[in-house]
$ cat structure.cif   # mmCIF, C-alpha atoms
data_data
loop_
_atom_site.label_atom_id
_atom_site.label_comp_id
_atom_site.auth_asym_id
_atom_site.auth_seq_id
_atom_site.Cartn_x
_atom_site.Cartn_y
_atom_site.Cartn_z
CA MET A 1 10.80 6.55 -23.89
CA TYR A 2 8.41 4.52 -26.02
CA ILE A 3 4.66 5.00 -25.80
CA GLU A 4 1.73 3.12 -27.29
CA VAL A 5 -1.83 4.15 -26.61
CA LEU A 6 -5.43 3.18 -27.20
CA HIS A 7 -7.41 6.28 -28.07
CA ASP A 8 -10.90 7.17 -29.21
CA ALA A 9 -11.88 9.19 -32.30
CA GLN A 10 -11.21 12.43 -30.43
CA GLY A 11 -7.78 11.31 -29.30
CA ASN A 12 -8.71 10.71 -25.65
CA ILE A 13 -6.42 8.02 -24.28
CA ALA A 14 -8.10 4.98 -22.74
CA ALA A 15 -4.97 2.90 -22.24
CA CYS A 16 -1.31 3.81 -22.29
CA TRP A 17 1.85 1.66 -22.35
CA CYS A 18 5.23 3.23 -21.69
CA ALA A 19 8.76 1.89 -21.18
CA ASP A 20 12.30 3.22 -21.11
CA THR A 21 13.63 1.08 -23.93
CA LEU A 22 12.34 -0.33 -27.19
CA PRO A 23 11.11 -3.91 -26.72
CA GLN A 24 12.93 -6.59 -28.66
CA ASN A 25 9.87 -7.35 -30.75
CA ALA A 26 8.94 -3.81 -31.72
CA GLY A 27 6.95 -5.09 -34.66
CA ALA A 28 4.26 -6.46 -32.37
CA PRO A 29 1.75 -4.45 -30.32
CA PHE A 30 3.00 -3.55 -26.85
CA PHE A 31 -0.40 -4.46 -25.44
CA ILE A 32 -3.49 -6.26 -26.60
CA VAL A 33 -7.05 -5.73 -25.44
CA ASN A 34 -8.84 -9.04 -25.35
CA GLY A 35 -11.76 -9.27 -27.77
CA GLY A 36 -10.46 -6.55 -30.06
CA LEU A 37 -10.44 -2.80 -29.82
CA PRO A 38 -13.59 -1.08 -28.56
CA ALA A 39 -15.71 0.56 -31.26
CA GLY A 40 -14.29 3.86 -32.45
CA HIS A 41 -10.92 3.24 -30.85
CA GLU A 42 -7.52 2.92 -32.44
CA GLN A 43 -4.16 1.72 -31.17
CA ALA A 44 -1.17 3.90 -32.05
CA ARG A 45 2.42 4.66 -31.16
CA LEU A 46 3.03 8.19 -30.01
CA ASN A 47 5.69 10.39 -31.54
CA ILE A 48 6.93 12.88 -28.98
CA ASP A 49 9.64 15.53 -29.12
CA THR A 50 12.48 15.79 -26.65
CA LEU A 51 10.92 18.65 -24.68
CA THR A 52 7.68 16.72 -24.22
CA ALA A 53 9.63 13.67 -23.10
CA MET A 54 11.48 15.84 -20.59
CA GLU A 55 8.19 17.27 -19.36
CA ILE A 56 6.75 13.78 -18.86
CA GLU A 57 9.85 12.61 -17.01
CA ALA A 58 9.90 15.71 -14.82
CA ALA A 59 6.21 15.43 -13.99
CA SER A 60 6.37 11.77 -13.03
CA GLY A 61 8.00 9.95 -10.15
CA HIS A 62 7.81 10.62 -6.45
CA LYS A 63 6.63 14.16 -5.66
CA ALA A 64 6.12 16.07 -2.47
CA VAL A 65 2.67 17.71 -2.45
CA VAL A 66 0.50 19.41 0.13
CA ASP A 67 -2.48 17.27 1.08
CA PRO A 68 -5.55 19.49 0.57
CA GLN A 69 -7.39 17.57 3.30
CA THR A 70 -4.82 17.86 6.05
CA GLY A 71 -2.62 20.71 4.86
CA GLN A 72 0.39 18.49 5.52
CA PRO A 73 3.05 17.56 2.98
CA LYS A 74 2.97 14.04 1.65
CA ILE A 75 4.74 11.99 -1.03
CA VAL A 76 2.78 10.85 -4.07
CA ASN A 77 3.96 8.72 -6.97
CA ILE A 78 2.83 9.86 -10.41
CA ASP A 79 3.47 7.42 -13.19
CA ARG A 80 4.36 8.46 -16.73
CA THR A 81 1.32 6.76 -18.21
CA GLN A 82 -0.98 8.45 -15.71
CA TYR A 83 0.51 11.85 -16.51
CA ILE A 84 0.26 11.24 -20.26
CA MET A 85 -3.41 10.25 -19.95
CA GLN A 86 -4.20 13.25 -17.78
CA ALA A 87 -2.26 15.89 -19.70
CA PHE A 88 -2.28 14.84 -23.34
CA LYS A 89 -4.37 13.46 -26.19
CA ALA A 90 -3.37 11.70 -29.36
CA ASP A 91 -3.35 14.08 -32.30
CA VAL A 92 -5.87 12.51 -34.69
CA THR A 93 -5.88 15.45 -37.07
CA ARG A 94 -2.86 14.33 -39.02
CA ASP A 95 -0.94 11.21 -39.88
CA ILE A 96 2.80 10.95 -39.35
CA THR A 97 4.87 9.38 -42.09
CA LEU A 98 6.93 6.54 -40.73
CA PRO A 99 10.70 6.82 -41.31
CA ALA A 100 12.32 3.94 -43.16
CA GLY A 101 13.47 1.02 -41.05
CA VAL A 102 11.05 1.56 -38.17
CA ASP A 103 9.24 -1.60 -37.08
CA LEU A 104 5.54 -1.12 -36.53
CA PRO A 105 2.66 -3.59 -36.36
CA VAL A 106 0.62 -3.79 -39.53
CA ALA A 107 -2.07 -1.09 -39.73
CA MET A 108 -0.85 0.65 -36.58
CA LYS A 109 -0.38 4.39 -36.95
CA VAL A 110 2.05 6.82 -35.40
CA ARG A 111 0.31 9.79 -33.85
CA GLY A 112 1.51 13.09 -32.56
CA ILE A 113 0.59 14.34 -29.13
CA ILE A 114 -1.40 17.42 -28.16
CA ARG A 115 -2.15 18.97 -24.82
CA GLN A 116 -5.65 18.46 -23.42
CA MET B 117 49.60 -12.48 -8.24
CA PRO B 118 52.98 -13.85 -7.12
CA ALA B 119 55.63 -11.53 -5.72
CA PRO B 120 58.25 -10.27 -8.23
CA SER B 121 61.34 -12.52 -8.46
CA LYS B 122 63.69 -9.59 -7.91
CA ASN B 123 63.68 -7.13 -5.06
CA TRP B 124 63.42 -3.40 -5.63
CA SER B 125 66.65 -1.54 -4.97
CA ASP B 126 66.84 2.18 -4.40
CA ILE B 127 69.68 3.75 -6.37
CA VAL B 128 71.10 6.63 -4.38
CA ASP B 129 72.60 9.83 -5.84
CA SER B 130 76.16 8.90 -4.80
CA GLN B 131 76.00 5.82 -7.09
CA ILE B 132 75.36 7.90 -10.18
CA ASP B 133 77.46 11.03 -9.69
CA ALA B 134 80.37 11.90 -12.02
CA GLU B 135 83.00 10.03 -10.00
CA SER B 136 81.05 6.79 -9.64
CA PRO B 137 81.96 3.85 -11.88
CA ILE B 138 79.36 1.85 -13.81
CA ASP B 139 80.01 -1.40 -12.01
CA THR B 140 78.21 -4.67 -11.57
CA THR B 141 76.43 -3.35 -8.47
CA ILE B 142 74.66 -0.49 -10.22
CA MET B 143 73.98 -2.54 -13.35
CA THR B 144 72.50 -5.34 -11.25
CA GLN B 145 70.30 -2.85 -9.40
CA ILE B 146 69.05 -1.38 -12.68
CA ARG B 147 68.38 -4.87 -14.09
CA ASP B 148 66.62 -6.03 -10.92
CA ASP B 149 64.46 -2.91 -10.80
CA LEU B 150 63.39 -3.45 -14.44
CA VAL B 151 62.53 -7.09 -13.75
CA PHE B 152 60.65 -6.03 -10.61
CA LEU B 153 58.63 -3.46 -12.62
CA LYS B 154 57.91 -5.87 -15.46
CA GLU B 155 56.69 -8.59 -13.13
CA TRP B 156 54.77 -6.12 -11.02
CA LEU B 157 52.88 -4.99 -14.15
CA GLY B 158 52.15 -8.58 -15.03
CA SER B 159 54.78 -10.49 -16.97
CA SER B 160 52.30 -12.97 -18.50
CA TYR B 161 50.08 -10.30 -20.00
CA THR B 162 50.41 -8.33 -23.22
CA ALA B 163 51.81 -4.88 -22.67
CA ALA B 164 49.31 -2.13 -23.40
CA VAL B 165 48.97 1.56 -22.85
CA ASP B 166 45.93 1.09 -20.68
CA HIS B 167 45.16 -1.85 -18.50
CA ASN B 168 41.47 -2.54 -18.76
CA HIS B 169 41.56 -5.85 -16.93
CA ASP B 170 40.19 -7.86 -19.81
CA GLY B 171 42.31 -10.92 -19.04
CA ILE B 172 44.68 -10.12 -21.95
CA ASN B 173 46.64 -7.05 -20.92
CA SER B 174 45.98 -7.55 -17.22
CA ALA B 175 44.18 -9.90 -14.90
CA ASN B 176 40.41 -10.05 -14.91
CA VAL B 177 38.64 -8.38 -12.06
CA VAL B 178 36.55 -11.01 -10.31
CA LEU B 179 33.74 -9.66 -8.18
CA ALA B 180 32.94 -11.52 -5.02
CA ASP B 181 29.41 -12.80 -4.58
CA SER B 182 26.84 -10.27 -3.42
CA THR B 183 28.99 -7.24 -4.23
CA VAL B 184 26.82 -6.01 -7.13
CA THR B 185 23.86 -4.11 -5.82
CA ILE B 186 20.59 -3.28 -7.58
CA ALA B 187 21.71 0.31 -7.96
CA LYS B 188 24.55 -0.82 -10.26
CA LEU B 189 22.32 -2.82 -12.60
CA ARG B 190 20.84 -1.20 -15.66
CA LEU B 191 17.15 -1.39 -15.03
CA GLY B 192 14.35 0.05 -17.09
CA GLN B 193 10.86 0.91 -15.98
CA GLY B 194 7.64 0.16 -17.75
CA SER B 195 4.07 0.93 -16.92
CA TYR B 196 0.58 0.56 -18.26
CA SER B 197 -2.54 2.48 -17.30
CA THR B 198 -6.08 2.05 -18.50
CA THR B 199 -9.62 3.17 -17.85
CA LEU B 200 -11.00 0.37 -20.01
CA SER B 201 -12.59 -2.15 -17.64
CA GLN B 202 -14.54 -5.38 -18.12
CA THR B 203 -11.84 -6.90 -20.27
CA ASP B 204 -8.42 -8.54 -20.22
CA HIS B 205 -5.33 -6.60 -21.19
CA TYR B 206 -2.22 -8.45 -22.32
CA ILE B 207 0.77 -6.24 -21.56
CA SER B 208 4.17 -6.85 -23.13
CA THR B 209 7.04 -6.22 -20.74
CA GLY B 210 9.51 -5.88 -23.59
CA SER B 211 12.21 -7.85 -21.83
CA ALA B 212 13.19 -11.40 -21.00
CA PHE B 213 13.98 -10.59 -17.38
CA VAL B 214 11.34 -8.74 -15.45
CA HIS B 215 10.72 -8.08 -11.81
CA LEU B 216 7.31 -8.82 -10.44
CA PRO B 217 4.99 -5.88 -11.02
CA ARG B 218 2.87 -3.85 -8.69
CA MET B 219 -0.66 -2.71 -9.42
CA ILE B 220 -2.58 0.33 -8.28
CA LEU B 221 -6.34 0.68 -8.53
CA VAL B 222 -8.06 4.04 -8.45
CA GLY B 223 -11.65 4.09 -7.22
CA GLN B 224 -13.31 2.64 -4.15
CA THR B 225 -15.09 -0.13 -6.09
CA SER B 226 -12.26 -1.03 -8.45
CA THR B 227 -11.34 -4.68 -8.81
CA ALA B 228 -8.66 -6.32 -10.92
CA THR B 229 -6.34 -9.28 -10.98
CA LEU B 230 -2.87 -9.38 -12.47
CA SER B 231 -0.85 -12.40 -13.51
CA ALA B 232 2.40 -13.01 -15.36
CA GLU B 233 2.57 -15.57 -18.11
CA LEU B 234 4.66 -16.90 -20.96
CA THR B 235 2.78 -17.96 -24.06
CA GLY B 236 3.77 -18.88 -27.57
CA ALA B 237 4.55 -21.68 -29.98
CA GLY B 238 7.43 -22.77 -32.09
CA ASP B 239 11.15 -22.34 -31.76
CA SER B 240 11.29 -18.93 -30.13
CA THR B 241 12.10 -17.12 -26.94
CA PHE B 242 9.05 -15.71 -25.25
CA HIS B 243 9.14 -12.70 -23.05
CA THR B 244 7.07 -12.31 -19.98
CA GLN B 245 3.74 -10.62 -20.44
CA PHE B 246 1.25 -9.55 -17.85
CA LYS B 247 -2.42 -10.38 -18.03
CA LEU B 248 -4.51 -7.70 -16.41
CA ASN B 249 -8.13 -8.57 -15.81
CA PHE B 250 -9.60 -5.16 -15.02
CA THR B 251 -13.10 -6.02 -13.89
CA THR B 252 -14.50 -2.71 -12.83
CA GLY B 253 -13.47 0.67 -11.52
CA GLY B 254 -12.06 4.06 -12.43
CA SER B 255 -8.58 3.21 -13.61
CA CYS B 256 -5.86 0.69 -13.11
CA ALA B 257 -2.10 1.05 -13.38
CA VAL B 258 0.62 -1.59 -13.55
CA TYR B 259 4.32 -0.87 -12.96
CA TRP B 260 7.29 -3.11 -13.55
CA GLU B 261 11.06 -2.96 -13.70
CA TYR B 262 13.12 -4.96 -16.15
CA HIS B 263 16.72 -5.61 -17.04
CA SER B 264 17.58 -3.70 -20.17
CA ASN B 265 21.04 -5.19 -20.66
#

$ encode --input "structure.cif" --output "structure tokens"
Amino acid sequence: MYIEVLHDAQGNIAACWCADTLPQNAGAPFFIVNGGLPAGHEQARLNIDTLTAMEIEAASGHKAVVDPQTGQPKIVNIDRTQYIMQAFKADVTRDITLPAGVDLPVAMKVRGIIRQ
Amino acid sequence: MPAPSKNWSDIVDSQIDAESPIDTTIMTQIRDDLVFLKEWLGSSYTAAVDHNHDGINSANVVLADSTVTIAKLRLGQGSYSTTLSQTDHYISTGSAFVHLPRMILVGQTSTATLSAELTGAGDSTFHTQFKLNFTTGGSCAVYWEYHSN
């Protein structure tokens, strides 16, 4: 799972890109906001551990929930990016050193992830 | 595959007991059975421990049209969510072969348009990207599936 986000100075995620496999051109941004990044925002790749990845996978997909309005069960689809934006923030308190050989767009950082 | 040139012959116990001679009948049966086995395995292919049907040690397996279903393809999923409206978002799909996406808007007054495009210059292969024009609203999500092999 590969994740790139747009986050503010506090780490709140305003946009999130996620895919199963690494794109062929990993040295380019996975998404571009037209007109440049909003003030105070930064685009970064997220570094997540295996347990967090498992949590994201388990929390996303089709889920059976009880509709609070009707009390009846219904199926909802929770996407990985939605869950990441709701449950996590980018960790802006520390920088992660990039391992050798990893392609990353110039000036883009790798951030950790923290729970909201 | 053509039928073997020799027929299979069952060799019964009475042909190989202590009193039975090794005659042309039994020798012919043994020879014919070996030829039958060799040709049954594929006489024009290289002998190998395992037959993996690569066209060298055994015949290729040719799938008939329409026998490969979506479930047998290696597909990946990608998605993009944003709360940042009043701008265009260019979303890389990360793959050359992508299925058309679906878009979900959250919020009664949300509006957005989504298009797929190929852009670039020079001698290169360009992968599909989506252009999301998220005009207004709470949040917008785009989902797509792509071929990862």

$ atom_distance --input "structure.cif" --atom1 "atom CA of B:Pro120" --atom2 "atom CA of B:Val178"
21.8 Å

$ resolve_selection --input "structure.cif" --expression "the PyMOL selection byres ((chain A) within 10 of (chain B))" --output "PyMOL selection string"
chain A and resi 1-6+13-26+28-36+38+79-85

$ residues_around --input "structure.cif" --residues "B:Phe152" --least-positions-apart "2" --cutoff "10 Å" --atoms "all atoms listed in the file" --output "PDB file with C-alpha atoms, keeping the file's coordinate frame"
ATOM      1  CA  ALA B 119      55.630 -11.530  -5.720  1.00  0.00           C
ATOM      2  CA  PRO B 120      58.250 -10.270  -8.230  1.00  0.00           C
ATOM      3  CA  SER B 121      61.340 -12.520  -8.460  1.00  0.00           C
ATOM      4  CA  LYS B 122      63.690  -9.590  -7.910  1.00  0.00           C
ATOM      5  CA  ASN B 123      63.680  -7.130  -5.060  1.00  0.00           C
ATOM      6  CA  TRP B 124      63.420  -3.400  -5.630  1.00  0.00           C
ATOM      7  CA  SER B 125      66.650  -1.540  -4.970  1.00  0.00           C
ATOM      8  CA  ILE B 146      69.050  -1.380 -12.680  1.00  0.00           C
ATOM      9  CA  ARG B 147      68.380  -4.870 -14.090  1.00  0.00           C
ATOM     10  CA  ASP B 148      66.620  -6.030 -10.920  1.00  0.00           C
ATOM     11  CA  ASP B 149      64.460  -2.910 -10.800  1.00  0.00           C
ATOM     12  CA  LEU B 150      63.390  -3.450 -14.440  1.00  0.00           C
ATOM     13  CA  LYS B 154      57.910  -5.870 -15.460  1.00  0.00           C
ATOM     14  CA  GLU B 155      56.690  -8.590 -13.130  1.00  0.00           C
ATOM     15  CA  TRP B 156      54.770  -6.120 -11.020  1.00  0.00           C
ATOM     16  CA  LEU B 157      52.880  -4.990 -14.150  1.00  0.00           C
ATOM     17  CA  GLY B 158      52.150  -8.580 -15.030  1.00  0.00           C
ATOM     18  CA  SER B 159      54.780 -10.490 -16.970  1.00  0.00           C
TER      19      SER B 159
END

$ residues_around --input "structure.cif" --residues "stretch 87-93 of chain A" --least-positions-apart "2" --cutoff "9 Å" --atoms "all atoms listed in the file" --output "list in words"
Val5, His7, Asp8, Ala9, Gln10, Gly11, Asn12, Ile13, Ala44, Leu46, Gln82, Tyr83, Ile84, Met85, Asp95, Arg111, Gly112, Ile113, Ile114, Arg115 and Gln116 of chain A

$ atom_distance --input "structure.cif" --atom1 "atom CA of B:Thr185" --atom2 "atom CA of B:Leu216"
17.8 Å

$ atom_distance --input "structure.cif" --atom1 "atom CA of B:Leu230" --atom2 "atom CA of A:Gln43"
21.8 Å

$ residues_around --input "structure.cif" --residues "stretch 57-64 of chain A" --least-positions-apart "5" --cutoff "6 Å" --atoms "all atoms listed in the file" --output "PDB file with C-alpha atoms, in the coordinates of the input"
ATOM      1  CA  LYS A  74       2.970  14.040   1.650  1.00  0.00           C
ATOM      2  CA  ILE A  75       4.740  11.990  -1.030  1.00  0.00           C
ATOM      3  CA  VAL A  76       2.780  10.850  -4.070  1.00  0.00           C
ATOM      4  CA  ASN A  77       3.960   8.720  -6.970  1.00  0.00           C
ATOM      5  CA  ILE A  78       2.830   9.860 -10.410  1.00  0.00           C
ATOM      6  CA  ASP A  79       3.470   7.420 -13.190  1.00  0.00           C
ATOM      7  CA  ARG A  80       4.360   8.460 -16.730  1.00  0.00           C
TER       8      ARG A  80
END

$ closest_residue --input "structure.cif" --among "B:His215, B:Leu153, B:Ile220, B:Phe250" --to "B:Ala232" --atoms "all atoms listed in the file"
B:His215

$ closest_residue --input "structure.cif" --among "A:Asn47, A:Ile56, A:Gln86, A:Gly71" --to "A:Leu98" --atoms "only C-alpha atoms"
A:Asn47

$ resolve_selection --input "structure.cif" --expression "the PyMOL selection byres ((chain B and resi 225) around 9)" --output "list in words"
Val222, Gly223, Gln224, Ser226, Thr227, Thr252, Gly253 and Gly254 of chain B
